[in-house]
>>> print(open('target_38.csv').read())   # CSV, N, CA and C atoms
chain,number,residue,atom,x,y,z
M,1138,MET,N,147.4,128.9,59.6
M,1138,MET,CA,147.9,127.8,60.3
M,1138,MET,C,147.2,127.6,61.6
M,1139,GLY,N,146.9,128.7,62.3
M,1139,GLY,CA,146.2,128.6,63.5
M,1139,GLY,C,144.8,128.1,63.4
M,1140,ALA,N,144.1,128.5,62.3
M,1140,ALA,CA,142.7,128.1,62.0
M,1140,ALA,C,142.7,126.6,61.7
M,1141,VAL,N,143.7,126.1,61.0
M,1141,VAL,CA,143.7,124.7,60.7
M,1141,VAL,C,143.9,123.9,62.0
M,1142,LEU,N,144.8,124.4,62.9
M,1142,LEU,CA,145.0,123.7,64.2
M,1142,LEU,C,143.8,123.8,65.0
M,1143,GLY,N,143.1,124.9,65.0
M,1143,GLY,CA,141.8,125.0,65.7
M,1143,GLY,C,140.7,124.1,65.3
M,1144,ALA,N,140.7,123.8,64.0
M,1144,ALA,CA,139.7,122.9,63.4
M,1144,ALA,C,140.1,121.4,63.7
M,1145,LEU,N,141.3,121.2,63.9
M,1145,LEU,CA,141.8,119.8,64.1
M,1145,LEU,C,141.2,119.1,65.3
M,1146,GLY,N,141.1,119.7,66.4
M,1146,GLY,CA,140.5,119.1,67.6
M,1146,GLY,C,139.0,118.7,67.4
M,1147,PRO,N,138.1,119.6,66.9
M,1147,PRO,CA,136.8,119.1,66.7
M,1147,PRO,C,136.7,118.1,65.6
M,1148,LEU,N,137.6,118.2,64.5
M,1148,LEU,CA,137.6,117.2,63.5
M,1148,LEU,C,137.9,115.8,64.0
M,1149,LEU,N,139.0,115.7,64.8
M,1149,LEU,CA,139.4,114.5,65.4
M,1149,LEU,C,138.3,114.0,66.3
M,1150,TYR,N,137.6,114.9,67.0
M,1150,TYR,CA,136.6,114.5,68.0
M,1150,TYR,C,135.4,113.7,67.3
M,1151,TYR,N,135.0,114.3,66.1
M,1151,TYR,CA,133.9,113.7,65.4
M,1151,TYR,C,134.2,112.6,64.5
M,1152,THR,N,135.5,112.3,64.2
M,1152,THR,CA,135.9,111.3,63.2
M,1152,THR,C,136.6,110.1,63.8
M,1153,SER,N,137.1,110.2,65.0
M,1153,SER,CA,137.9,109.1,65.6
M,1153,SER,C,137.5,108.8,67.0
M,1154,ARG,N,137.1,107.6,67.3
M,1154,ARG,CA,136.7,107.2,68.6
M,1154,ARG,C,137.8,107.3,69.6
M,1155,PRO,N,139.0,106.8,69.3
M,1155,PRO,CA,140.1,107.0,70.3
M,1155,PRO,C,140.4,108.4,70.6
M,1156,ALA,N,140.4,109.3,69.5
M,1156,ALA,CA,140.6,110.7,69.7
M,1156,ALA,C,139.5,111.3,70.6
M,1157,ARG,N,138.3,110.9,70.4
M,1157,ARG,CA,137.2,111.4,71.2
M,1157,ARG,C,137.4,111.1,72.7
M,1158,ASP,N,137.8,109.8,73.0
M,1158,ASP,CA,138.1,109.5,74.4
M,1158,ASP,C,139.2,110.3,74.9
M,1159,TYR,N,140.3,110.5,74.1
M,1159,TYR,CA,141.4,111.3,74.6
M,1159,TYR,C,141.0,112.8,74.8
M,1160,ILE,N,140.2,113.3,73.9
M,1160,ILE,CA,139.9,114.8,74.0
M,1160,ILE,C,138.9,114.9,75.2
M,1161,LEU,N,138.0,114.0,75.4
M,1161,LEU,CA,137.1,114.1,76.6
M,1161,LEU,C,137.8,113.8,77.9
M,1162,GLY,N,138.9,112.9,77.8
M,1162,GLY,CA,139.6,112.5,79.0
M,1162,GLY,C,140.7,113.5,79.4
M,1163,ASP,N,141.9,113.2,78.9
M,1163,ASP,CA,143.1,113.9,79.3
M,1163,ASP,C,143.4,115.1,78.4
M,1164,GLY,N,142.9,115.1,77.2
M,1164,GLY,CA,143.4,116.1,76.3
M,1164,GLY,C,142.4,117.2,75.9
M,1165,LEU,N,141.6,117.7,76.8
M,1165,LEU,CA,140.7,118.7,76.5
M,1165,LEU,C,141.3,119.9,75.9
M,1166,PHE,N,142.6,120.1,76.0
M,1166,PHE,CA,143.3,121.2,75.5
M,1166,PHE,C,143.2,121.3,73.9
M,1167,LEU,N,143.0,120.1,73.3
M,1167,LEU,CA,142.8,120.1,71.8
M,1167,LEU,C,141.6,120.9,71.4
M,1168,TRP,N,140.6,120.9,72.2
M,1168,TRP,CA,139.4,121.6,71.9
M,1168,TRP,C,138.9,122.3,73.1
M,1169,PRO,N,139.6,123.4,73.5
M,1169,PRO,CA,139.3,124.1,74.8
M,1169,PRO,C,137.9,124.7,74.9
M,1170,THR,N,137.4,125.1,73.7
M,1170,THR,CA,136.0,125.6,73.8
M,1170,THR,C,135.0,124.6,73.8
M,1171,GLY,N,135.4,123.3,73.8
M,1171,GLY,CA,134.4,122.2,73.8
M,1171,GLY,C,133.7,122.1,75.2
M,1172,VAL,N,134.2,122.8,76.2
M,1172,VAL,CA,133.5,122.9,77.5
M,1172,VAL,C,132.1,123.5,77.3
M,1173,ILE,N,132.0,124.4,76.3
M,1173,ILE,CA,130.7,125.0,76.0
M,1173,ILE,C,129.6,124.0,75.7
M,1174,ILE,N,130.0,122.9,75.1
M,1174,ILE,CA,129.0,121.9,74.7
M,1174,ILE,C,128.3,121.3,75.8
M,1175,MET,N,128.8,121.4,77.1
M,1175,MET,CA,128.1,120.9,78.2
M,1175,MET,C,126.7,121.5,78.3
M,1176,VAL,N,126.5,122.7,77.8
M,1176,VAL,CA,125.2,123.3,77.8
M,1176,VAL,C,124.2,122.5,77.0
M,1177,THR,N,124.6,121.7,76.0
M,1177,THR,CA,123.7,121.0,75.1
M,1177,THR,C,123.3,119.6,75.6
M,1178,TYR,N,123.8,119.2,76.8
M,1178,TYR,CA,123.4,117.9,77.3
M,1178,TYR,C,121.9,117.8,77.4
M,1179,GLY,N,121.3,116.8,76.7
M,1179,GLY,CA,119.8,116.6,76.7
M,1179,GLY,C,119.2,117.3,75.4
M,1180,HIS,N,120.0,118.1,74.7
M,1180,HIS,CA,119.5,118.7,73.5
M,1180,HIS,C,120.4,118.5,72.3
M,1181,GLU,N,121.0,117.3,72.3
M,1181,GLU,CA,122.0,116.9,71.3
M,1181,GLU,C,121.5,117.1,69.9
M,1182,HIS,N,120.3,116.7,69.6
M,1182,HIS,CA,119.8,116.7,68.3
M,1182,HIS,C,118.8,117.8,68.0
M,1183,ASP,N,118.8,118.8,68.8
M,1183,ASP,CA,117.9,120.0,68.6
M,1183,ASP,C,118.7,121.0,67.8
M,1184,PHE,N,118.0,122.1,67.3
M,1184,PHE,CA,118.7,123.2,66.6
M,1184,PHE,C,119.7,123.9,67.6
M,1185,PHE,N,119.2,124.0,68.9
M,1185,PHE,CA,120.0,124.6,69.9
M,1185,PHE,C,121.4,123.9,70.1
M,1186,GLY,N,121.3,122.6,70.1
M,1186,GLY,CA,122.5,121.8,70.3
M,1186,GLY,C,123.5,122.0,69.1
M,1187,TYR,N,122.9,122.0,67.9
M,1187,TYR,CA,123.8,122.2,66.7
M,1187,TYR,C,124.4,123.6,66.7
M,1188,ALA,N,123.6,124.5,67.1
M,1188,ALA,CA,124.1,125.9,67.1
M,1188,ALA,C,125.2,126.1,68.1
M,1189,VAL,N,125.0,125.5,69.3
M,1189,VAL,CA,126.1,125.6,70.3
M,1189,VAL,C,127.3,124.9,69.9
M,1190,THR,N,127.2,123.7,69.3
M,1190,THR,CA,128.4,123.0,68.8
M,1190,THR,C,129.1,123.8,67.7
M,1191,ALA,N,128.3,124.4,66.8
M,1191,ALA,CA,128.9,125.2,65.7
M,1191,ALA,C,129.6,126.4,66.3
M,1192,THR,N,129.0,127.0,67.3
M,1192,THR,CA,129.6,128.2,67.9
M,1192,THR,C,130.9,127.8,68.6
M,1193,SER,N,130.9,126.6,69.3
M,1193,SER,CA,132.1,126.1,69.9
M,1193,SER,C,133.2,125.9,69.0
M,1194,ILE,N,132.9,125.3,67.8
M,1194,ILE,CA,134.0,125.0,66.8
M,1194,ILE,C,134.5,126.3,66.3
M,1195,VAL,N,133.7,127.3,66.0
M,1195,VAL,CA,134.1,128.6,65.5
M,1195,VAL,C,135.0,129.3,66.5
M,1196,LEU,N,134.6,129.2,67.7
M,1196,LEU,CA,135.4,129.9,68.8
M,1196,LEU,C,136.8,129.2,68.9
M,1197,ASN,N,136.8,127.9,68.8
M,1197,ASN,CA,138.1,127.1,68.9
M,1197,ASN,C,139.0,127.5,67.7
M,1198,VAL,N,138.4,127.7,66.5
M,1198,VAL,CA,139.2,128.1,65.4
M,1198,VAL,C,139.8,129.5,65.6
M,1199,VAL,N,138.9,130.4,66.1
M,1199,VAL,CA,139.3,131.8,66.4
M,1199,VAL,C,140.4,131.8,67.5
M,1200,LEU,N,140.2,131.0,68.5
M,1200,LEU,CA,141.2,131.0,69.6
M,1200,LEU,C,142.6,130.5,69.1
M,1201,TYR,N,142.6,129.4,68.4
M,1201,TYR,CA,143.9,129.0,67.9
M,1201,TYR,C,144.5,129.9,66.9
M,1202,ALA,N,143.7,130.5,66.0
M,1202,ALA,CA,144.2,131.5,65.1
M,1202,ALA,C,144.8,132.7,65.8
M,1203,ALA,N,144.1,133.2,66.9
M,1203,ALA,CA,144.6,134.3,67.6
M,1203,ALA,C,145.9,133.9,68.4
M,1204,ALA,N,146.0,132.7,68.9
M,1204,ALA,CA,147.2,132.2,69.6
M,1204,ALA,C,148.4,132.2,68.6
M,1205,VAL,N,148.2,131.6,67.4
M,1205,VAL,CA,149.3,131.5,66.5
M,1205,VAL,C,149.7,132.9,66.0
M,1206,THR,N,148.7,133.8,65.8
M,1206,THR,CA,149.0,135.2,65.4
M,1206,THR,C,149.9,135.9,66.5
M,1207,LEU,N,149.5,135.7,67.7
M,1207,LEU,CA,150.3,136.3,68.8
M,1207,LEU,C,151.7,135.7,68.9
M,1208,LEU,N,151.8,134.4,68.7
M,1208,LEU,CA,153.1,133.8,68.7
M,1208,LEU,C,154.0,134.3,67.5
M,1209,TRP,N,153.4,134.4,66.3
M,1209,TRP,CA,154.1,134.9,65.2
M,1209,TRP,C,154.5,136.4,65.5
M,1210,PHE,N,153.7,137.2,66.1
M,1210,PHE,CA,154.0,138.6,66.3
M,1210,PHE,C,155.2,138.7,67.3
M,1211,ILE,N,155.2,137.8,68.4
M,1211,ILE,CA,156.3,137.8,69.3
M,1211,ILE,C,157.6,137.4,68.6
M,1212,VAL,N,157.5,136.4,67.8
M,1212,VAL,CA,158.7,136.0,67.1
M,1212,VAL,C,159.2,137.1,66.2
M,1213,TRP,N,158.3,137.8,65.5
M,1213,TRP,CA,158.6,138.9,64.6
M,1213,TRP,C,159.3,140.0,65.4
M,1214,ILE,N,158.8,140.3,66.5
M,1214,ILE,CA,159.4,141.4,67.3
M,1214,ILE,C,160.8,141.0,67.8
M,1215,VAL,N,161.0,139.8,68.3
M,1215,VAL,CA,162.3,139.3,68.7
M,1215,VAL,C,163.3,139.3,67.6
M,1216,ARG,N,162.9,138.8,66.4
M,1216,ARG,CA,163.8,138.8,65.3
M,1216,ARG,C,164.1,140.3,64.9
M,1217,ARG,N,163.2,141.1,64.9
M,1217,ARG,CA,163.4,142.5,64.5
M,1217,ARG,C,164.4,143.2,65.5
M,1218,VAL,N,164.2,142.9,66.8
M,1218,VAL,CA,165.1,143.5,67.8
M,1218,VAL,C,166.5,142.9,67.6
M,1219,ALA,N,166.6,141.6,67.4
M,1219,ALA,CA,167.8,140.9,67.3
M,1219,ALA,C,168.6,141.3,66.1
M,1220,THR,N,168.0,141.6,65.0
M,1220,THR,CA,168.7,142.0,63.8
M,1220,THR,C,168.8,143.5,63.6
M,1221,ASN,N,168.3,144.3,64.6
M,1221,ASN,CA,168.4,145.7,64.5
M,1221,ASN,C,169.8,146.2,64.4
M,1222,LYS,N,170.2,146.9,63.4
M,1222,LYS,CA,171.6,147.4,63.3
M,1222,LYS,C,171.6,148.8,63.9
M,1223,ARG,N,172.5,148.9,64.9
M,1223,ARG,CA,172.6,150.2,65.5
M,1223,ARG,C,173.8,150.9,65.1
>>> encode(input="target_38.csv", output="structure tokens")
Amino acid sequence: MGAVLGALGPLLYYTSRPARDYILGDGLFLWPTGVIIMVTYGHEHDFFGYAVTATSIVLNVVLYAAAVTLLWFIVWIVRRVATNKR
């Protein structure tokens, strides 16, 4: 689930103009690793630019997957403690 959410930001960025304006404007939190793409300014159509963009997308997917995993783990611990029969 986290990986899907992590891919959603870049997918919206590249497929929807209103989403691109929102992600670049107020909603950078949808693609937090998109800040890395600033390195590619001037090299948008080079191999370097594509490699940095791909790395940013992969890092975003990993970041969201880790966040959802951590959230799931915390919920699991709370449920385990709450239902512990003493």
>>> closest_residue(input="target_38.csv", among="M:Met1138, M:Tyr1151, M:Ile1211, M:Ala1144", to="Val1195 in chain M", atoms="all atoms listed in the file")
M:Ala1144
>>> closest_residue(input="target_38.csv", among="M:Val1141, M:Asn1221, M:Pro1169, M:Tyr1178", to="Leu1196 in chain M", atoms="only N, CA and C atoms")
M:Pro1169
>>> closest_residue(input="target_38.csv", among="M:Leu1148, M:Ala1156, M:Ile1173, M:Val1215", to="Thr1192 in chain M", atoms="all atoms listed in the file")
M:Ile1173
>>> closest_residue(input="target_38.csv", among="M:Leu1167, M:Ile1214, M:Val1189, M:Leu1207", to="Pro1147 in chain M", atoms="all atoms listed in the file")
M:Leu1167
>>> atom_distance(input="target_38.csv", atom1="CA of Ile1174 in chain M", atom2="CA of Tyr1150 in chain M")
12.5 Å
>>> atom_distance(input="target_38.csv", atom1="atom C of Thr1190 in chain M", atom2="atom N of Val1176 in chain M")
10.5 Å
>>> decode(input="target_38.csv", residues="range 1139-1153 of chain M", atoms="N, CA and C atoms", output="PDB file, in the first residue's frame")
ATOM      1  N   GLY M1139       1.921   1.246   0.775  1.00  0.00           N
ATOM      2  CA  GLY M1139       2.816   2.405   0.822  1.00  0.00           C
ATOM      3  C   GLY M1139       3.518   2.644  -0.496  1.00  0.00           C
ATOM      4  N   ALA M1140       3.899   1.567  -1.174  1.00  0.00           N
ATOM      5  CA  ALA M1140       4.562   1.713  -2.467  1.00  0.00           C
ATOM      6  C   ALA M1140       3.616   2.328  -3.497  1.00  0.00           C
ATOM      7  N   VAL M1141       2.362   1.942  -3.448  1.00  0.00           N
ATOM      8  CA  VAL M1141       1.364   2.517  -4.366  1.00  0.00           C
ATOM      9  C   VAL M1141       1.195   4.003  -4.077  1.00  0.00           C
ATOM     10  N   LEU M1142       1.105   4.356  -2.806  1.00  0.00           N
ATOM     11  CA  LEU M1142       0.980   5.773  -2.442  1.00  0.00           C
ATOM     12  C   LEU M1142       2.228   6.560  -2.841  1.00  0.00           C
ATOM     13  N   GLY M1143       3.387   5.934  -2.715  1.00  0.00           N
ATOM     14  CA  GLY M1143       4.629   6.594  -3.095  1.00  0.00           C
ATOM     15  C   GLY M1143       4.741   6.826  -4.593  1.00  0.00           C
ATOM     16  N   ALA M1144       4.142   5.952  -5.376  1.00  0.00           N
ATOM     17  CA  ALA M1144       4.162   6.116  -6.828  1.00  0.00           C
ATOM     18  C   ALA M1144       3.094   7.095  -7.296  1.00  0.00           C
ATOM     19  N   LEU M1145       2.106   7.367  -6.455  1.00  0.00           N
ATOM     20  CA  LEU M1145       0.998   8.234  -6.843  1.00  0.00           C
ATOM     21  C   LEU M1145       1.444   9.673  -7.112  1.00  0.00           C
ATOM     22  N   GLY M1146       2.298  10.227  -6.278  1.00  0.00           N
ATOM     23  CA  GLY M1146       2.776  11.601  -6.467  1.00  0.00           C
ATOM     24  C   GLY M1146       3.466  11.804  -7.804  1.00  0.00           C
ATOM     25  N   PRO M1147       4.501  11.005  -8.124  1.00  0.00           N
ATOM     26  CA  PRO M1147       5.142  11.157  -9.430  1.00  0.00           C
ATOM     27  C   PRO M1147       4.204  10.866 -10.599  1.00  0.00           C
ATOM     28  N   LEU M1148       3.316   9.884 -10.431  1.00  0.00           N
ATOM     29  CA  LEU M1148       2.369   9.568 -11.502  1.00  0.00           C
ATOM     30  C   LEU M1148       1.455  10.754 -11.778  1.00  0.00           C
ATOM     31  N   LEU M1149       0.917  11.360 -10.736  1.00  0.00           N
ATOM     32  CA  LEU M1149       0.083  12.545 -10.918  1.00  0.00           C
ATOM     33  C   LEU M1149       0.882  13.696 -11.504  1.00  0.00           C
ATOM     34  N   TYR M1150       2.123  13.829 -11.090  1.00  0.00           N
ATOM     35  CA  TYR M1150       2.969  14.917 -11.587  1.00  0.00           C
ATOM     36  C   TYR M1150       3.153  14.837 -13.098  1.00  0.00           C
ATOM     37  N   TYR M1151       3.388  13.638 -13.596  1.00  0.00           N
ATOM     38  CA  TYR M1151       3.662  13.480 -15.022  1.00  0.00           C
ATOM     39  C   TYR M1151       2.417  13.313 -15.889  1.00  0.00           C
ATOM     40  N   THR M1152       1.243  13.112 -15.293  1.00  0.00           N
ATOM     41  CA  THR M1152       0.050  12.886 -16.105  1.00  0.00           C
ATOM     42  C   THR M1152      -0.984  14.001 -16.022  1.00  0.00           C
ATOM     43  N   SER M1153      -0.913  14.871 -15.058  1.00  0.00           N
ATOM     44  CA  SER M1153      -1.955  15.861 -14.864  1.00  0.00           C
ATOM     45  C   SER M1153      -1.361  17.247 -14.632  1.00  0.00           C
TER      46      SER M1153
END
